[in-house]
>>> print(open('entry08.txt').read())   # compact mmCIF, C-alpha atoms
# COMPACT_ATOMS: atom_id res chain seq x y z
CA MET C 54 7.69 -11.09 15.24
CA ILE C 55 8.27 -14.72 14.26
CA SER C 56 11.56 -16.59 14.25
CA LEU C 57 12.35 -20.10 12.97
CA LYS C 58 15.78 -21.27 14.09
CA ASN C 59 17.65 -24.31 12.79
CA ILE C 60 14.53 -26.22 11.77
CA ILE C 61 15.01 -29.86 10.83
CA PHE C 62 12.17 -32.06 9.62
CA ALA C 63 11.96 -35.41 7.85
CA TYR C 64 9.41 -38.01 6.81
CA GLY C 65 11.21 -41.19 7.78
CA SER C 66 14.63 -41.08 6.14
CA ARG C 67 13.61 -38.41 3.61
CA LYS C 68 14.81 -34.98 4.69
CA ILE C 69 12.32 -32.21 4.03
CA LEU C 70 13.96 -29.31 5.88
CA GLU C 71 17.57 -29.17 7.00
CA ASP C 72 18.84 -26.43 9.33
CA VAL C 73 16.35 -23.84 8.04
CA SER C 74 16.28 -20.41 9.69
CA ILE C 75 14.11 -17.44 8.68
CA SER C 76 12.41 -14.62 10.56
CA ALA C 77 9.86 -11.86 10.05
CA SER C 78 9.63 -8.69 12.09
CA ASP C 79 6.57 -6.48 12.40
CA GLY C 80 5.91 -4.83 9.06
CA GLU C 81 7.83 -7.38 6.99
CA PHE C 82 6.42 -9.44 4.12
CA ILE C 83 8.37 -12.67 3.64
CA ALA C 84 7.76 -14.68 0.45
CA VAL C 85 8.92 -18.29 0.34
CA LEU C 86 9.69 -19.62 -3.13
CA GLY C 87 10.78 -23.06 -4.28
CA ALA C 88 10.06 -25.87 -6.70
CA ASN C 89 7.30 -28.39 -6.06
CA GLY C 90 8.23 -30.62 -3.15
CA ALA C 91 10.85 -28.22 -1.81
CA GLY C 92 9.21 -28.20 1.64
CA LYS C 93 7.46 -24.82 1.51
CA SER C 94 4.12 -25.95 2.94
CA THR C 95 5.87 -28.07 5.56
CA LEU C 96 7.84 -25.01 6.65
CA LEU C 97 4.66 -22.97 6.99
CA ARG C 98 2.90 -25.71 8.98
CA ILE C 99 5.84 -25.83 11.38
CA ALA C 100 5.77 -22.04 11.66
CA SER C 101 2.06 -22.10 12.50
CA GLY C 102 2.40 -24.85 15.11
CA ALA C 103 0.35 -27.38 13.12
CA LEU C 104 3.44 -29.58 12.72
CA ARG C 105 6.30 -30.26 15.13
CA ALA C 106 9.87 -30.01 13.88
CA LYS C 107 12.33 -32.80 14.62
CA SER C 108 14.63 -30.16 16.06
CA GLY C 109 14.87 -26.38 16.13
CA ILE C 110 12.57 -23.80 17.63
CA VAL C 111 9.77 -21.53 16.44
CA GLU C 112 9.00 -18.41 18.45
CA ILE C 113 6.20 -15.91 17.92
CA ASN C 114 6.48 -12.75 19.96
CA GLY C 115 8.89 -14.56 22.27
CA LEU C 116 6.61 -17.56 22.85
CA ASP C 117 7.73 -21.09 22.00
CA VAL C 118 5.07 -22.24 19.51
CA ALA C 119 5.52 -25.89 20.49
CA LYS C 120 4.65 -25.02 24.11
CA THR C 121 1.74 -22.65 23.43
CA ALA C 122 -1.88 -23.80 23.26
CA PRO C 123 -3.41 -23.54 19.76
CA ARG C 124 -6.25 -21.34 21.07
CA ASN C 125 -3.71 -18.84 22.42
CA LEU C 126 -1.67 -18.94 19.20
CA ALA C 127 -4.82 -18.20 17.22
CA LYS C 128 -5.16 -14.86 18.99
CA PHE C 129 -2.10 -13.46 17.23
CA ARG C 130 -1.46 -15.65 14.19
CA ALA C 131 -3.84 -16.54 11.38
CA VAL C 132 -3.28 -19.20 8.72
CA LEU C 133 -4.64 -19.57 5.19
CA GLU C 134 -3.99 -23.14 4.08
CA GLN C 135 -3.93 -24.42 0.50
CA GLU C 136 -7.25 -26.16 1.02
CA SER C 137 -9.86 -25.37 3.65
CA ALA C 138 -12.56 -28.02 3.88
CA LEU C 139 -15.93 -26.71 5.00
CA ASP C 140 -18.99 -28.84 4.28
CA PHE C 141 -21.56 -26.98 6.37
CA ASP C 142 -24.00 -24.62 4.71
CA TYR C 143 -22.54 -21.50 6.28
CA THR C 144 -22.99 -18.23 4.48
CA ALA C 145 -19.93 -16.34 3.33
CA LEU C 146 -20.34 -13.92 6.25
CA GLU C 147 -20.66 -16.75 8.79
CA THR C 148 -17.53 -18.36 7.36
CA VAL C 149 -15.53 -15.15 7.71
CA LEU C 150 -16.79 -14.74 11.29
CA LEU C 151 -15.14 -18.05 12.17
CA GLY C 152 -11.99 -15.95 12.33
CA ARG C 153 -13.29 -14.36 15.52
CA TYR C 154 -13.64 -17.71 17.33
CA ALA C 155 -10.24 -17.35 19.01
CA HIS C 156 -11.25 -13.96 20.42
CA ASN C 157 -14.89 -14.53 21.37
CA MET C 158 -17.01 -17.43 22.55
CA PHE C 159 -18.67 -18.67 19.37
CA PRO C 160 -21.35 -17.93 18.23
CA GLN C 161 -21.59 -14.62 20.12
CA ASN C 162 -20.54 -12.15 17.43
CA SER C 163 -20.73 -8.50 18.34
CA PRO C 164 -21.82 -5.75 15.92
CA GLU C 165 -18.11 -4.81 15.77
CA ASP C 166 -17.22 -8.35 14.69
CA ILE C 167 -19.87 -8.30 11.98
CA SER C 168 -18.68 -4.92 10.73
CA LEU C 169 -15.10 -6.21 10.66
CA ALA C 170 -16.15 -9.33 8.72
CA GLU C 171 -18.02 -7.21 6.17
CA ASP C 172 -14.93 -5.02 5.75
CA CYS C 173 -12.75 -8.09 5.20
CA LEU C 174 -15.14 -9.34 2.52
CA LYS C 175 -14.82 -5.97 0.84
CA ARG C 176 -11.02 -6.13 0.96
CA VAL C 177 -10.99 -9.44 -0.95
CA GLY C 178 -13.55 -8.29 -3.52
CA MET C 179 -16.49 -10.28 -2.12
CA CYS C 180 -18.69 -7.41 -1.02
CA GLY C 181 -22.32 -8.36 -1.63
CA ALA C 182 -21.66 -12.08 -1.16
CA GLU C 183 -22.50 -12.07 2.55
CA ASN C 184 -25.55 -14.32 2.25
CA ARG C 185 -24.28 -16.69 -0.41
CA LEU C 186 -23.68 -20.26 0.77
CA TYR C 187 -20.01 -21.14 1.01
CA THR C 188 -20.58 -24.60 -0.47
CA GLN C 189 -22.02 -23.04 -3.62
CA LEU C 190 -19.06 -20.76 -4.32
CA SER C 191 -16.42 -21.39 -6.97
CA GLY C 192 -12.93 -22.49 -5.96
CA GLY C 193 -11.52 -18.99 -6.39
CA GLU C 194 -14.39 -17.44 -4.43
CA LYS C 195 -13.85 -19.92 -1.59
CA GLN C 196 -10.16 -18.97 -1.53
CA ARG C 197 -11.07 -15.30 -1.20
CA ILE C 198 -13.58 -16.05 1.57
CA GLN C 199 -10.92 -18.00 3.48
CA LEU C 200 -8.50 -15.11 3.09
CA ALA C 201 -11.18 -12.79 4.47
CA ARG C 202 -11.59 -15.21 7.40
CA ALA C 203 -7.84 -14.99 8.11
CA LEU C 204 -7.93 -11.18 7.88
CA CYS C 205 -10.89 -11.16 10.27
CA GLN C 206 -8.91 -13.29 12.71
CA ILE C 207 -6.06 -10.76 12.64
CA GLY C 208 -8.57 -8.04 13.49
CA LYS C 209 -8.51 -4.27 13.44
CA ASN C 210 -5.17 -3.91 15.22
CA PRO C 211 -2.65 -6.02 13.29
CA ARG C 212 0.54 -4.77 14.95
CA GLY C 213 2.43 -7.68 16.51
CA LYS C 214 0.32 -10.30 14.70
CA ILE C 215 1.32 -12.81 12.02
CA LEU C 216 -0.52 -13.74 8.82
CA MET C 217 0.61 -17.02 7.22
CA LEU C 218 -0.50 -17.76 3.67
CA ASP C 219 0.00 -20.99 1.73
CA GLU C 220 -0.33 -20.18 -1.96
CA PRO C 221 -2.97 -17.46 -1.51
CA SER C 222 -3.07 -16.79 -5.26
CA ALA C 223 -3.90 -20.40 -6.13
CA SER C 224 -7.06 -20.62 -8.28
CA LEU C 225 -7.27 -16.80 -8.45
CA ASP C 226 -7.25 -14.80 -11.65
CA PRO C 227 -4.50 -12.13 -11.95
CA ALA C 228 -6.66 -9.25 -10.71
CA HIS C 229 -7.81 -11.10 -7.60
CA ALA C 230 -4.30 -12.47 -6.99
CA HIS C 231 -3.03 -8.90 -6.78
CA ALA C 232 -6.00 -7.93 -4.60
CA ALA C 233 -5.08 -10.73 -2.17
CA MET C 234 -1.47 -9.56 -2.10
CA ARG C 235 -2.52 -5.96 -1.54
CA ALA C 236 -4.71 -7.01 1.40
CA ALA C 237 -1.73 -8.81 2.96
CA LYS C 238 0.60 -5.91 2.21
CA ASP C 239 -1.85 -3.52 3.87
CA LEU C 240 -1.55 -5.55 7.09
CA CYS C 241 2.24 -5.21 6.89
CA GLU C 242 1.96 -1.46 6.51
CA ARG C 243 -0.16 -1.43 9.67
CA GLY C 244 2.37 -3.45 11.66
CA ALA C 245 1.70 -7.14 11.03
CA ALA C 246 4.23 -9.67 9.73
CA VAL C 247 3.34 -11.83 6.74
CA ILE C 248 4.87 -15.12 5.60
CA SER C 249 3.51 -16.31 2.27
CA ILE C 250 4.23 -19.35 0.12
CA LEU C 251 4.11 -18.23 -3.50
CA HIS C 252 4.51 -19.95 -6.85
CA ASP C 253 4.85 -16.77 -8.89
CA PRO C 254 8.18 -14.96 -8.38
CA ASN C 255 6.65 -11.88 -9.99
CA LEU C 256 4.16 -11.56 -7.11
CA ALA C 257 7.04 -11.96 -4.67
CA ALA C 258 8.98 -9.23 -6.47
CA ALA C 259 5.98 -6.89 -6.34
CA TYR C 260 5.00 -7.30 -2.68
CA ALA C 261 7.65 -8.97 -0.51
CA THR C 262 10.27 -7.18 1.54
CA LYS C 263 12.37 -10.36 1.82
CA ILE C 264 12.54 -13.57 -0.20
CA ALA C 265 13.41 -17.05 1.08
CA LEU C 266 14.46 -19.49 -1.64
CA LEU C 267 14.14 -23.18 -0.69
CA LYS C 268 16.28 -25.70 -2.55
CA ASP C 269 17.07 -29.31 -1.66
CA SER C 270 15.65 -28.90 1.89
CA LYS C 271 17.86 -25.88 2.62
CA ILE C 272 17.65 -22.11 2.35
CA LEU C 273 19.48 -21.08 -0.80
CA SER C 274 18.95 -17.38 -0.13
CA PHE C 275 17.11 -15.26 2.42
CA ASP C 276 17.51 -11.63 1.50
CA THR C 277 15.90 -8.62 -0.15
CA PRO C 278 14.16 -9.09 -3.51
CA GLU C 279 17.09 -7.33 -5.21
CA LYS C 280 19.55 -9.91 -3.87
CA SER C 281 17.42 -13.08 -3.89
CA LEU C 282 15.61 -12.61 -7.20
CA THR C 283 18.49 -13.01 -9.62
CA GLU C 284 18.66 -15.08 -12.77
CA THR C 285 21.34 -17.30 -11.21
CA LEU C 286 19.56 -17.95 -7.90
CA LEU C 287 16.13 -18.45 -9.45
CA GLY C 288 17.61 -20.74 -12.08
CA LYS C 289 19.11 -22.88 -9.30
CA THR C 290 15.90 -22.78 -7.26
CA TYR C 291 13.69 -24.06 -10.08
CA ASN C 292 16.26 -26.01 -12.12
CA ALA C 293 15.28 -23.95 -15.14
CA PRO C 294 16.77 -21.10 -17.16
CA CYS C 295 15.59 -17.72 -15.92
CA LYS C 296 15.55 -14.28 -17.50
CA ILE C 297 14.77 -11.03 -15.70
CA PHE C 298 13.76 -7.86 -17.50
CA ASP C 299 13.39 -4.33 -16.15
CA ILE C 300 10.23 -2.68 -17.43
CA GLY C 301 9.43 0.73 -16.03
CA GLY C 302 11.61 0.08 -12.99
CA LYS C 303 9.87 -3.21 -12.18
CA LYS C 304 11.34 -6.69 -12.43
CA ILE C 305 9.61 -9.08 -14.80
CA ILE C 306 10.73 -12.66 -14.23
CA TYR C 307 10.44 -15.06 -17.12
CA PHE C 308 11.27 -18.74 -17.52
CA PRO C 309 11.86 -19.58 -21.21
CA GLU C 310 10.89 -22.99 -22.48
CA LEU C 311 13.54 -25.63 -21.85
>>> encode(input="entry08.txt", output="structure tokens")
Amino acid sequence: MISLKNIIFAYGSRKILEDVSISASDGEFIAVLGANGAGKSTLLRIASGALRAKSGIVEINGLDVAKTAPRNLAKFRAVLEQESALDFDYTALETVLLGRYAHNMFPQNSPEDISLAEDCLKRVGMCGAENRLYTQLSGGEKQRIQLARALCQIGKNPRGKILMLDEPSASLDPAHAHAAMRAAKDLCERGAAVISILHDPNLAAAYATKIALLKDSKILSFDTPEKSLTETLLGKTYNAPCKIFDIGGKKIIYFPEL
């Protein structure tokens, strides 16, 4: 599991996160929602160990992230960032296999690793793209390849591992956005924890088990979708009127024009 306790972070005098606490147990899918500039990506970078909080503590499976070597962290937590720069002419398959670097001495990839990478490509809808050059893919295809790389890093036994996603649906069409969410949800059902930054509250409603709403550097709500995804709370989170409709037992969240 992962736990962030009383996280405080600032750039100079500008507070980004103030006394933020959230957690994710094995099998939980946490979605983090908030307006632009709310501190969502900063929170995820602190959770992953890429950024050090001013105060507070992050623990993954009982280990203090700030005191754990990145190579060791990479064995049980994988991160999909908003942008993943890769300028080498790796194939799609070679790019996905980078996820195994934390587990094996690169470039020694076993047949099991290759089979796992091919399965991860299939899960993100990129089956058949193994030999395509990463640099020649579209933005959405690159995003799906990077998600496959993160899934490959998690491996075949996801229990006790953490998948962190920063806007995984960015640049994806609706069908592939749902495919990405289903791939993450599948890991949860097999024992992993997922923390995902999302822009679309409807994706959060469909896949998350808990929702964290960030507002003015603080957690406005951290609860089940039923309790966090209300017209009042979402209206406060985004500073915009919000309407929620029930269609066939599913929430449809809509922001009318101001």
>>> residues_around(input="entry08.txt", residues="Leu204 (chain C)", least_positions_apart="5", cutoff="10 Å", atoms="only C-alpha atoms", output="list in words")
Ala131, Val132, Leu133, Val149, Gly152, Arg153, Leu169, Ala170, Asp172, Cys173, Leu174, Arg176, Val177, Ile198, Gln199, Lys209, Pro211, Leu216, Ala236, Ala237 and Leu240 of chain C
>>> closest_residue(input="entry08.txt", among="C:Ala265, C:Ala201, C:Cys180, C:Val111", to="Thr148 (chain C)", atoms="only C-alpha atoms")
C:Ala201
>>> closest_residue(input="entry08.txt", among="C:Asp276, C:Thr290, C:Ala259, C:His252", to="Lys304 (chain C)", atoms="only C-alpha atoms")
C:Ala259
>>> closest_residue(input="entry08.txt", among="C:Val247, C:Leu190, C:Ala223, C:Ile264", to="Asp140 (chain C)", atoms="only C-alpha atoms")
C:Leu190
>>> residues_near_point(input="entry08.txt", point="(12.3, -18.0, 9.1)", cutoff="12 Å", atoms="all atoms listed in the file", output="JSON, numbers by chain")
{"C": [54, 55, 56, 57, 58, 59, 60, 70, 72, 73, 74, 75, 76, 77, 78, 81, 82, 83, 84, 85, 93, 96, 97, 99, 100, 101, 109, 110, 111, 112, 113, 217, 246, 247, 248, 249, 263, 264, 265, 266, 267, 271, 272, 274, 275, 276]}
>>> write_last_selection(input="entry08.txt", atoms="C-alpha atoms", output="PDB file, keeping the file's coordinate frame")
ATOM      1  CA  MET C  54       7.690 -11.090  15.240  1.00  0.00           C
ATOM      2  CA  ILE C  55       8.270 -14.720  14.260  1.00  0.00           C
ATOM      3  CA  SER C  56      11.560 -16.590  14.250  1.00  0.00           C
ATOM      4  CA  LEU C  57      12.350 -20.100  12.970  1.00  0.00           C
ATOM      5  CA  LYS C  58      15.780 -21.270  14.090  1.00  0.00           C
ATOM      6  CA  ASN C  59      17.650 -24.310  12.790  1.00  0.00           C
ATOM      7  CA  ILE C  60      14.530 -26.220  11.770  1.00  0.00           C
ATOM      8  CA  LEU C  70      13.960 -29.310   5.880  1.00  0.00           C
ATOM      9  CA  ASP C  72      18.840 -26.430   9.330  1.00  0.00           C
ATOM     10  CA  VAL C  73      16.350 -23.840   8.040  1.00  0.00           C
ATOM     11  CA  SER C  74      16.280 -20.410   9.690  1.00  0.00           C
ATOM     12  CA  ILE C  75      14.110 -17.440   8.680  1.00  0.00           C
ATOM     13  CA  SER C  76      12.410 -14.620  10.560  1.00  0.00           C
ATOM     14  CA  ALA C  77       9.860 -11.860  10.050  1.00  0.00           C
ATOM     15  CA  SER C  78       9.630  -8.690  12.090  1.00  0.00           C
ATOM     16  CA  GLU C  81       7.830  -7.380   6.990  1.00  0.00           C
ATOM     17  CA  PHE C  82       6.420  -9.440   4.120  1.00  0.00           C
ATOM     18  CA  ILE C  83       8.370 -12.670   3.640  1.00  0.00           C
ATOM     19  CA  ALA C  84       7.760 -14.680   0.450  1.00  0.00           C
ATOM     20  CA  VAL C  85       8.920 -18.290   0.340  1.00  0.00           C
ATOM     21  CA  LYS C  93       7.460 -24.820   1.510  1.00  0.00           C
ATOM     22  CA  LEU C  96       7.840 -25.010   6.650  1.00  0.00           C
ATOM     23  CA  LEU C  97       4.660 -22.970   6.990  1.00  0.00           C
ATOM     24  CA  ILE C  99       5.840 -25.830  11.380  1.00  0.00           C
ATOM     25  CA  ALA C 100       5.770 -22.040  11.660  1.00  0.00           C
ATOM     26  CA  SER C 101       2.060 -22.100  12.500  1.00  0.00           C
ATOM     27  CA  GLY C 109      14.870 -26.380  16.130  1.00  0.00           C
ATOM     28  CA  ILE C 110      12.570 -23.800  17.630  1.00  0.00           C
ATOM     29  CA  VAL C 111       9.770 -21.530  16.440  1.00  0.00           C
ATOM     30  CA  GLU C 112       9.000 -18.410  18.450  1.00  0.00           C
ATOM     31  CA  ILE C 113       6.200 -15.910  17.920  1.00  0.00           C
ATOM     32  CA  MET C 217       0.610 -17.020   7.220  1.00  0.00           C
ATOM     33  CA  ALA C 246       4.230  -9.670   9.730  1.00  0.00           C
ATOM     34  CA  VAL C 247       3.340 -11.830   6.740  1.00  0.00           C
ATOM     35  CA  ILE C 248       4.870 -15.120   5.600  1.00  0.00           C
ATOM     36  CA  SER C 249       3.510 -16.310   2.270  1.00  0.00           C
ATOM     37  CA  LYS C 263      12.370 -10.360   1.820  1.00  0.00           C
ATOM     38  CA  ILE C 264      12.540 -13.570  -0.200  1.00  0.00           C
ATOM     39  CA  ALA C 265      13.410 -17.050   1.080  1.00  0.00           C
ATOM     40  CA  LEU C 266      14.460 -19.490  -1.640  1.00  0.00           C
ATOM     41  CA  LEU C 267      14.140 -23.180  -0.690  1.00  0.00           C
ATOM     42  CA  LYS C 271      17.860 -25.880   2.620  1.00  0.00           C
ATOM     43  CA  ILE C 272      17.650 -22.110   2.350  1.00  0.00           C
ATOM     44  CA  SER C 274      18.950 -17.380  -0.130  1.00  0.00           C
ATOM     45  CA  PHE C 275      17.110 -15.260   2.420  1.00  0.00           C
ATOM     46  CA  ASP C 276      17.510 -11.630   1.500  1.00  0.00           C
TER      47      ASP C 276
END
>>> atom_distance(input="entry08.txt", atom1="CA of Arg185 (chain C)", atom2="CA of Arg202 (chain C)")
15.0 Å
>>> closest_residue(input="entry08.txt", among="C:Gln196, C:Asp79, C:Glu71, C:Cys205", to="Asp219 (chain C)", atoms="all atoms listed in the file")
C:Gln196
>>> closest_residue(input="entry08.txt", among="C:Arg67, C:Arg130, C:Lys296, C:Arg197", to="His231 (chain C)", atoms="all atoms listed in the file")
C:Arg197
>>> atom_distance(input="entry08.txt", atom1="CA of Ile215 (chain C)", atom2="CA of Arg243 (chain C)")
11.7 Å
>>> closest_residue(input="entry08.txt", among="C:Thr144, C:Ser168, C:Asn114, C:Gln135", to="Ser94 (chain C)", atoms="all atoms listed in the file")
C:Gln135
>>> atom_distance(input="entry08.txt", atom1="CA of Lys68 (chain C)", atom2="CA of Asp269 (chain C)")
8.8 Å
>>> axis_aligned_box(input="entry08.txt", around="region 132-147 of chain C", padding_each_side="3 Å", output="JSON")
{"center_x": -13.6, "center_y": -21.4, "center_z": 4.6, "size_x": 26.7, "size_y": 20.9, "size_z": 14.3}
>>> residues_near_point(input="entry08.txt", point="(0.8, -13.1, -4.7)", cutoff="10 Å", atoms="all atoms listed in the file", output="ChimeraX atom specification")
/C:84,218,220-223,225,227,229-235,237-238,249-261
>>> residues_around(input="entry08.txt", residues="Ala293 (chain C)", least_positions_apart="4", cutoff="10 Å", atoms="only C-alpha atoms", output="ChimeraX atom specification")
/C:284-285,287-289,308-311
>>> residues_around(input="entry08.txt", residues="Gly181 (chain C)", least_positions_apart="6", cutoff="10 Å", atoms="all atoms listed in the file", output="mmCIF file with C-alpha atoms, keeping the file's coordinate frame")
data_model
loop_
_atom_site.group_PDB
_atom_site.id
_atom_site.type_symbol
_atom_site.label_atom_id
_atom_site.label_comp_id
_atom_site.auth_asym_id
_atom_site.auth_seq_id
_atom_site.Cartn_x
_atom_site.Cartn_y
_atom_site.Cartn_z
ATOM 1 C CA ALA C 145 -19.930 -16.340 3.330
ATOM 2 C CA LEU C 146 -20.340 -13.920 6.250
ATOM 3 C CA GLU C 171 -18.020 -7.210 6.170
ATOM 4 C CA LEU C 174 -15.140 -9.340 2.520
ATOM 5 C CA LYS C 175 -14.820 -5.970 0.840
#
>>> decode(input="entry08.txt", residues="region 165-183 of chain C", atoms="N, CA, C and O atoms", output="short mmCIF file (atom, residue, chain, number, x, y, z; two decimals), in the first residue's frame")
data_model
loop_
_atom_site.label_atom_id
_atom_site.label_comp_id
_atom_site.auth_asym_id
_atom_site.auth_seq_id
_atom_site.Cartn_x
_atom_site.Cartn_y
_atom_site.Cartn_z
N GLU C 165 10.40 -14.82 -21.10
CA GLU C 165 9.26 -14.46 -20.26
C GLU C 165 9.01 -12.96 -20.29
O GLU C 165 7.87 -12.51 -20.33
N ASP C 166 10.10 -12.17 -20.27
CA ASP C 166 9.97 -10.72 -20.34
C ASP C 166 9.35 -10.30 -21.67
O ASP C 166 8.48 -9.42 -21.71
N ILE C 167 9.83 -10.91 -22.74
CA ILE C 167 9.31 -10.56 -24.07
C ILE C 167 7.84 -10.92 -24.19
O ILE C 167 7.04 -10.15 -24.72
N SER C 168 7.47 -12.08 -23.66
CA SER C 168 6.07 -12.49 -23.68
C SER C 168 5.21 -11.52 -22.87
O SER C 168 4.10 -11.15 -23.28
N LEU C 169 5.72 -11.08 -21.72
CA LEU C 169 5.01 -10.13 -20.89
C LEU C 169 4.83 -8.80 -21.63
O LEU C 169 3.75 -8.21 -21.62
N ALA C 170 5.90 -8.32 -22.28
CA ALA C 170 5.83 -7.06 -23.02
C ALA C 170 4.81 -7.14 -24.15
O ALA C 170 4.05 -6.20 -24.39
N GLU C 171 4.78 -8.26 -24.85
CA GLU C 171 3.81 -8.44 -25.93
C GLU C 171 2.39 -8.43 -25.39
O GLU C 171 1.47 -7.87 -26.00
N ASP C 172 2.19 -9.05 -24.21
CA ASP C 172 0.87 -9.05 -23.58
C ASP C 172 0.45 -7.63 -23.18
O ASP C 172 -0.72 -7.25 -23.33
N CYS C 173 1.40 -6.85 -22.67
CA CYS C 173 1.10 -5.47 -22.27
C CYS C 173 0.73 -4.62 -23.48
O CYS C 173 -0.16 -3.77 -23.40
N LEU C 174 1.41 -4.84 -24.61
CA LEU C 174 1.04 -4.14 -25.84
C LEU C 174 -0.39 -4.50 -26.24
O LEU C 174 -1.17 -3.62 -26.67
N LYS C 175 -0.75 -5.75 -26.07
CA LYS C 175 -2.10 -6.18 -26.41
C LYS C 175 -3.12 -5.50 -25.51
O LYS C 175 -4.19 -5.07 -25.97
N ARG C 176 -2.80 -5.36 -24.23
CA ARG C 176 -3.73 -4.77 -23.27
C ARG C 176 -4.02 -3.30 -23.55
O ARG C 176 -5.06 -2.78 -23.16
N VAL C 177 -3.08 -2.61 -24.20
CA VAL C 177 -3.31 -1.19 -24.52
C VAL C 177 -3.71 -1.00 -25.98
O VAL C 177 -3.72 0.12 -26.49
N GLY C 178 -4.02 -2.09 -26.67
CA GLY C 178 -4.49 -1.99 -28.04
C GLY C 178 -3.41 -1.72 -29.06
O GLY C 178 -3.68 -1.15 -30.13
N MET C 179 -2.17 -2.13 -28.76
CA MET C 179 -1.06 -1.91 -29.69
C MET C 179 -0.47 -3.21 -30.19
O MET C 179 0.69 -3.25 -30.63
N CYS C 180 -1.24 -4.26 -30.15
CA CYS C 180 -0.79 -5.54 -30.69
C CYS C 180 -0.51 -5.38 -32.19
O CYS C 180 -1.31 -4.79 -32.92
N GLY C 181 0.62 -5.88 -32.64
CA GLY C 181 1.02 -5.75 -34.03
C GLY C 181 1.94 -4.58 -34.29
O GLY C 181 2.47 -4.43 -35.39
N ALA C 182 2.17 -3.76 -33.24
CA ALA C 182 3.04 -2.59 -33.39
C ALA C 182 4.45 -2.84 -32.87
O ALA C 182 5.25 -1.91 -32.78
N GLU C 183 4.75 -4.09 -32.56
CA GLU C 183 6.02 -4.41 -31.89
C GLU C 183 7.24 -3.83 -32.60
O GLU C 183 8.18 -3.36 -31.94
#
